[in-house]
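Participant: Have a look at this one before I ask anything.
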Protein chains: 2
Amino acid sequence: MNDLTIFQEPFSPWMHEQGPFDDIVLSSRVRLARNLQRYTFPKALSIEMKQEITQKMADKFNEKTFCTDRVMHMFHMDELTDLQKSVLVEKHLVSPLLTKTPGSSVLISSDEQLSIMIHEEDHLRIQSMFTGIQIARAYELANQMDDWLETQLDYAFDENFGYLTSCPTNVGTGLRCSVMLHLPGLVMTKQMDPTVHTLNRLGFVVRGIYGEGTTALGHLFQLSNQVTLGKTESEMVDELTKITEKIVEQERHARDHLMTHARFMLEDRIFRSLGTLKYAILMQSKEAAERLSDILLGIYLGFIEGMSIQQIRQLFTWIQPGFLQVYAGKSLDINEREVARANLLRKYLA
Amino acid sequence: MNDLTIFQEPFSPWMHEQGPFDDIVLSSRVRLARNLQRYTFPKALSIEMKQEITQKMADKFNEKTFCTDRVMHMFHMDELTDLQKSVLVEKHLVSPLLTKTPGSSVLISSDEQLSIMIHEEDHLRIQSMFTGIQIARAYELANQMDDWLETQLDYAFDENFGYLTSCPTNVGTGLRCSVMLHLPGLVMTKQMDPTVHTLNRLGFVVRGIYGEGTTALGHLFQLSNQVTLGKTESEMVDELTKITEKIVEQERHARDHLMTHARFMLEDRIFRSLGTLKYAILMQSKEAAERLSDILLGIYLGFIEGMSIQQIRQLFTWIQPGFLQVYAGKSLDINEREVARANLLRKYLA
């Protein structure tokens, strides 16, 4: 990785790896919230104190590698252009909140699999991502980083409560595990609402893929554990893994059901989306996501040949405002983006 | 023409000729309503009497040609299959009413340009069709046939009223002139409703292309004169010709306006239609007509190359239920027709 590739390539290097059930589970993500003793939480922390922590982190990672093959690169939000910040958000390497927080930074590994947000809601948020259902592996990597950092820094930790965090819902393990799921079958068979209801009752949260408050575009959902207090890390990892496997099974079942009972409708929908993506002159991001979702399903079902799920997944990132502007090589207003998005899709799918 | 081509070919031979303004005016049609003395109108006429008239007509045309190059072929509705009757209606060679009237027949010329319906609303309805704005030429041909028939038969004619017809609105000249217009520009710029209103006030009728009571599919409209009493034939022909030229001018203006003010929207709409027609697996006739209308417009505006307006016009007939079944070589229910229609369009536009 260098500054060029991270801001130019929509696909992070780790995304090229295959993972279990990655036809339905796009990725597994784990995040550990950590804070340092003797500093107030970021929201109330002065810029000077923030800089002190950031400098401390920079020193730790300066010319050091956390693992043998991972070099961590520091990016200060204040030094990035709006476009570069958009790109990091679109790659899920930082949260939208981080880009809006003065004095915030991020450390990102060469393979973009591991990142540490500095001064988001907490002083540190260690994050790790893998393809498919690999929550345990993602936890393992984040935990490794966490263990090493714990030898270097004084974490805010309470014997009774566990790790202390800015938001009470994170207190305890500070762990949040999530998976990104592609669930067109459950949506089309109208099982998504009852499924979300059941998941909520079991303590899980379902939302759109660009974080809290975003709606689910392109049948992509983020499923995560809600409660971190009173459970061990491995319990949380196991629970999410099991429920995800269950959902994958339901999704496959829904797709089979559609193939048996509504094959023509399904095929028509998928090929219309392909035709529209290949010919449209204007394309809003919402429609693009929905139609790309149809293409993913079409590849899964064997209707569409000569395209891979990985290729189409890249497009979900390419069609975001930031990457569209990277692709165009200039800043674009919302109307120009519709033209650029349609151009890109036509070209890519030709 | 033989039985095979008339029931197999969606394009009548006369349609291959070019006509003035045929990029907007698909065709001009003229129809003369005539009745015979000493017979009641068809509605109250016995089958025996109907057969007598039909036999008389058959004798007149038996091995004779009306013009040197026109042989008239007789088809009796009672002897045709439902599919064959649909095909004649879809080619506008007979009216839907004729196919439902017991004891009715039609004479059709080899080039399918001239036809005489026997026992529709009137004993005889002489009809002639040309491409583009050629109402005068269509009238001339129908009139030639009418003059010849008048030497052979006793027409019901009144010195004061003119030709007597079954429906009072046709009394006088018995003439109805109509043009088939493609007016997407007026529709998209929302000028169609006021235009229809003005035309009605001026004594013209606007309707869908498959006759009375049908809605306008694919931005195709049939414009005709309403009043036949108190005007000479040439006045009626002139009036419709002039008003059609005026509408053509307005339509071109509307298209120019769209190109100037909504070019991207227009291009997007046209190419989305092309993409959908090229990829859909199911297609209803209403949607097909609308999308083919977009393609016609796209060819006119130069967006779509390598396809001709004539080629696309053929498709408007191909997608009708009758021709779809001809194409499939078997009878199809409504769901099967959606599949067959989409197949045909994909294949034709590939």
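Ligands are numbered from 1 in the order shown, residues from 1 within each chain, and chains are lettered A, B, ... in the order they appear in the structure tokens.
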Just want the 7 Å neighbourhood of region 165-170 of chain A, counted on only C-alpha atoms, with same-chain residues fewer than 2 positions away dropped. Output as a PyMOL selection string.
Facilitator: chain A and resi 33-35+41+121-122+163+172+174-175+227-228
Participant: DSSP on the backbone: what in region 72-224 of chain B comes out helix (DSSP H, G or I), as an MDAnalysis selection string?
Facilitator: chainID B and resid 77:79 82:90 96:100 135:152 168:170 184:188 192:201
Participant: Within 9 Å of chain B, which residues of chain A show up when using only C-alpha atoms, listed as a CSV table (one decimal) with all heavy atoms, in the first residue's frame?
Facilitator:
chain,number,residue,atom,x,y,z
A,264,PHE,N,-39.1,-17.2,-13.6
A,264,PHE,CA,-39.2,-16.2,-14.7
A,264,PHE,C,-39.1,-14.8,-14.1
A,264,PHE,O,-38.5,-14.0,-14.7
A,264,PHE,CB,-40.5,-16.4,-15.5
A,264,PHE,CG,-40.3,-17.4,-16.6
A,264,PHE,CD1,-41.2,-18.5,-16.7
A,264,PHE,CD2,-39.3,-17.2,-17.5
A,264,PHE,CE1,-41.0,-19.4,-17.8
A,264,PHE,CE2,-39.2,-18.1,-18.6
A,264,PHE,CZ,-40.0,-19.2,-18.7
A,265,MET,N,-39.9,-14.6,-13.1
A,265,MET,CA,-39.9,-13.2,-12.5
A,265,MET,C,-38.5,-12.8,-12.0
A,265,MET,O,-38.0,-11.7,-12.3
A,265,MET,CB,-40.9,-13.3,-11.3
A,265,MET,CG,-41.0,-12.0,-10.4
A,265,MET,SD,-39.6,-11.6,-9.3
A,265,MET,CE,-39.8,-12.9,-8.0
A,267,GLU,N,-35.6,-14.2,-13.0
A,267,GLU,CA,-34.7,-14.0,-14.2
A,267,GLU,C,-34.9,-12.7,-14.9
A,267,GLU,O,-34.0,-12.0,-15.3
A,267,GLU,CB,-34.9,-15.2,-15.2
A,267,GLU,CG,-33.8,-15.5,-16.1
A,267,GLU,CD,-34.1,-16.7,-17.0
A,267,GLU,OE1,-35.0,-17.5,-16.7
A,267,GLU,OE2,-33.3,-16.9,-17.9
A,268,ASP,N,-36.2,-12.4,-15.1
A,268,ASP,CA,-36.6,-11.1,-15.7
A,268,ASP,C,-36.0,-9.9,-15.0
A,268,ASP,O,-35.3,-9.0,-15.5
A,268,ASP,CB,-38.1,-11.0,-15.8
A,268,ASP,CG,-38.6,-9.8,-16.5
A,268,ASP,OD1,-38.1,-9.5,-17.6
A,268,ASP,OD2,-39.4,-9.0,-15.9
A,269,ARG,N,-36.1,-9.9,-13.7
A,269,ARG,CA,-35.6,-8.9,-12.8
A,269,ARG,C,-34.1,-8.7,-12.9
A,269,ARG,O,-33.6,-7.6,-13.1
A,269,ARG,CB,-36.0,-9.2,-11.4
A,269,ARG,CG,-35.5,-8.2,-10.4
A,269,ARG,CD,-35.8,-8.7,-9.0
A,269,ARG,NE,-35.1,-7.8,-8.1
A,269,ARG,CZ,-35.6,-7.2,-7.0
A,269,ARG,NH1,-36.9,-7.4,-6.8
A,269,ARG,NH2,-34.9,-6.4,-6.3
A,270,ILE,N,-33.4,-9.8,-12.9
A,270,ILE,CA,-32.0,-9.8,-12.9
A,270,ILE,C,-31.5,-9.3,-14.3
A,270,ILE,O,-30.6,-8.5,-14.4
A,270,ILE,CB,-31.4,-11.3,-12.6
A,270,ILE,CG1,-31.6,-11.6,-11.1
A,270,ILE,CG2,-30.0,-11.4,-13.0
A,270,ILE,CD1,-31.5,-13.0,-10.8
A,271,PHE,N,-32.1,-9.8,-15.4
A,271,PHE,CA,-31.6,-9.4,-16.7
A,271,PHE,C,-32.0,-8.0,-17.0
A,271,PHE,O,-31.3,-7.3,-17.7
A,271,PHE,CB,-32.0,-10.4,-17.8
A,271,PHE,CG,-31.1,-11.6,-17.8
A,271,PHE,CD1,-31.5,-12.8,-17.3
A,271,PHE,CD2,-29.8,-11.5,-18.3
A,271,PHE,CE1,-30.6,-13.9,-17.3
A,271,PHE,CE2,-28.9,-12.5,-18.4
A,271,PHE,CZ,-29.4,-13.8,-17.9
A,272,ARG,N,-33.2,-7.5,-16.5
A,272,ARG,CA,-33.5,-6.1,-16.7
A,272,ARG,C,-32.5,-5.2,-16.0
A,272,ARG,O,-32.1,-4.2,-16.5
A,272,ARG,CB,-34.9,-5.8,-16.1
A,272,ARG,CG,-36.0,-6.2,-17.1
A,272,ARG,CD,-37.4,-6.2,-16.4
A,272,ARG,NE,-38.4,-6.5,-17.3
A,272,ARG,CZ,-39.2,-5.7,-17.9
A,272,ARG,NH1,-39.1,-4.4,-17.7
A,272,ARG,NH2,-40.1,-6.1,-18.7
A,273,SER,N,-32.1,-5.7,-14.8
A,273,SER,CA,-31.0,-4.9,-14.1
A,273,SER,C,-29.7,-4.8,-14.9
A,273,SER,O,-29.1,-3.8,-15.0
A,273,SER,CB,-30.8,-5.4,-12.7
A,273,SER,OG,-31.9,-5.0,-11.9
A,274,LEU,N,-29.4,-6.0,-15.5
A,274,LEU,CA,-28.2,-6.0,-16.3
A,274,LEU,C,-28.3,-5.1,-17.5
A,274,LEU,O,-27.4,-4.3,-17.8
A,274,LEU,CB,-27.9,-7.5,-16.7
A,274,LEU,CG,-26.6,-7.7,-17.5
A,274,LEU,CD1,-25.3,-7.3,-16.7
A,274,LEU,CD2,-26.5,-9.1,-18.0
A,275,GLY,N,-29.4,-5.2,-18.2
A,275,GLY,CA,-29.7,-4.3,-19.4
A,275,GLY,C,-29.6,-2.8,-19.0
A,275,GLY,O,-29.0,-2.0,-19.7
A,276,THR,N,-30.2,-2.5,-17.9
A,276,THR,CA,-30.3,-1.1,-17.4
A,276,THR,C,-28.9,-0.6,-17.1
A,276,THR,O,-28.5,0.5,-17.5
A,276,THR,CB,-31.2,-1.0,-16.3
A,276,THR,OG1,-32.5,-1.4,-16.7
A,276,THR,CG2,-31.4,0.5,-15.8
A,277,LEU,N,-28.1,-1.4,-16.3
A,277,LEU,CA,-26.8,-1.0,-16.0
A,277,LEU,C,-25.9,-0.9,-17.2
A,277,LEU,O,-25.0,0.0,-17.3
A,277,LEU,CB,-26.1,-2.0,-15.0
A,277,LEU,CG,-26.7,-2.1,-13.6
A,277,LEU,CD1,-26.2,-3.3,-12.9
A,277,LEU,CD2,-26.4,-0.8,-12.8
A,278,LYS,N,-26.1,-1.7,-18.2
A,278,LYS,CA,-25.3,-1.6,-19.4
A,278,LYS,C,-25.7,-0.5,-20.3
A,278,LYS,O,-24.9,-0.2,-21.3
A,278,LYS,CB,-25.5,-3.0,-20.2
A,278,LYS,CG,-24.6,-4.1,-19.7
A,278,LYS,CD,-24.7,-5.3,-20.6
A,278,LYS,CE,-23.5,-6.2,-20.5
A,278,LYS,NZ,-23.5,-7.2,-21.5
A,279,TYR,N,-26.8,0.1,-20.2
A,279,TYR,CA,-27.3,1.1,-21.1
A,279,TYR,C,-27.7,2.5,-20.5
A,279,TYR,O,-27.7,3.4,-21.3
A,279,TYR,CB,-28.5,0.6,-21.9
A,279,TYR,CG,-28.1,-0.4,-23.0
A,279,TYR,CD1,-27.9,-1.7,-22.8
A,279,TYR,CD2,-27.8,0.1,-24.3
A,279,TYR,CE1,-27.5,-2.6,-23.8
A,279,TYR,CE2,-27.4,-0.7,-25.3
A,279,TYR,CZ,-27.2,-2.1,-25.0
A,279,TYR,OH,-26.8,-2.9,-26.0
A,280,ALA,N,-27.9,2.6,-19.2
A,280,ALA,CA,-28.4,3.8,-18.7
A,280,ALA,C,-27.4,4.9,-18.8
A,280,ALA,O,-26.1,4.7,-18.9
A,280,ALA,CB,-28.8,3.7,-17.2
A,281,ILE,N,-27.8,6.1,-18.9
A,281,ILE,CA,-27.0,7.3,-19.1
A,281,ILE,C,-26.9,8.1,-17.8
A,281,ILE,O,-26.0,8.9,-17.6
A,281,ILE,CB,-27.6,8.2,-20.2
A,281,ILE,CG1,-27.8,7.5,-21.6
A,281,ILE,CG2,-26.8,9.5,-20.5
A,281,ILE,CD1,-26.5,7.0,-22.2
A,282,LEU,N,-27.9,7.9,-17.0
A,282,LEU,CA,-27.9,8.6,-15.6
A,282,LEU,C,-28.2,7.5,-14.6
A,282,LEU,O,-29.0,6.6,-14.9
A,282,LEU,CB,-29.0,9.6,-15.6
A,282,LEU,CG,-29.0,10.8,-16.6
A,282,LEU,CD1,-30.3,11.6,-16.4
A,282,LEU,CD2,-27.8,11.7,-16.3
A,283,MET,N,-27.5,7.5,-13.5
A,283,MET,CA,-27.7,6.5,-12.5
A,283,MET,C,-27.5,7.0,-11.1
A,283,MET,O,-26.4,7.5,-10.7
A,283,MET,CB,-26.8,5.3,-12.8
A,283,MET,CG,-26.9,4.1,-11.9
A,283,MET,SD,-28.5,3.2,-12.0
A,283,MET,CE,-28.3,2.5,-13.7
A,339,VAL,N,-24.1,11.0,-14.1
A,339,VAL,CA,-23.6,10.7,-15.4
A,339,VAL,C,-22.3,9.8,-15.3
A,339,VAL,O,-22.2,8.8,-15.9
A,339,VAL,CB,-23.2,12.0,-16.1
A,339,VAL,CG1,-22.6,11.7,-17.5
A,339,VAL,CG2,-24.4,12.9,-16.3
Participant: Set the distance at 9 Å and use only C-alpha atoms: which residues neighbour Thr241 (chain B) once local chain neighbours fewer than 4 positions away are removed? I'd like the list as a PyMOL selection string.
Facilitator: chain B and resi 133-136+179+236-237+245-246
Participant: Got a sec: who's within 10 Å of Thr99 (chain B), counting only C-alpha atoms, leaving out chain neighbours fewer than 4 positions off, as a PyMOL selection string?
Facilitator: chain B and resi 76-78+80+82+84-86+88-89+94-95+103-106+120
Participant: As a VMD selection string, please: every residue in region 23-187 of chain B that a backbone DSSP assignment puts in strand (DSSP E).
Facilitator: chain B and resid 25 to 34 65 to 67 70 to 76 105 to 109 114 to 118 124 to 131 157 to 158 162 to 163 175 to 182
Participant: CA of Phe316 (chain A) to CA of Gly203 (chain A): how many Å, to one decimal?
Facilitator: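 Between these atoms lies a distance of 28.6 Å.
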Participant: Can you pull out every residue within 10 Å of Gly230 (chain B), counting only C-alpha atoms, but drop anything in the same chain fewer than 3 positions away, and send it as a PyMOL selection string?
Facilitator: chain B and resi 161-162+171-173+227+233
Participant: Would you mind exporting C-alpha atoms of the selected residues as an mmCIF file, in the first residue's frame?
Facilitator:
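Contents of part36.cif, freshly written:
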data_model
loop_
_atom_site.group_PDB
_atom_site.id
_atom_site.type_symbol
_atom_site.label_atom_id
_atom_site.label_comp_id
_atom_site.auth_asym_id
_atom_site.auth_seq_id
_atom_site.Cartn_x
_atom_site.Cartn_y
_atom_site.Cartn_z
ATOM 1 C CA PHE B 161 -77.877 13.295 -48.148
ATOM 2 C CA GLY B 162 -75.327 11.634 -50.407
ATOM 3 C CA VAL B 171 -73.747 9.704 -44.194
ATOM 4 C CA GLY B 172 -72.693 12.037 -47.018
ATOM 5 C CA THR B 173 -69.325 11.210 -48.486
ATOM 6 C CA VAL B 227 -67.818 14.948 -39.661
ATOM 7 C CA GLU B 233 -64.147 14.776 -50.188
#
Participant: Find the distance between CA of Leu296 (chain A) and CA of Val205 (chain A) and write it in Å to one decimal.
Facilitator: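 Separation of CA of Leu296 (chain A) and CA of Val205 (chain A): 24.0 Å.
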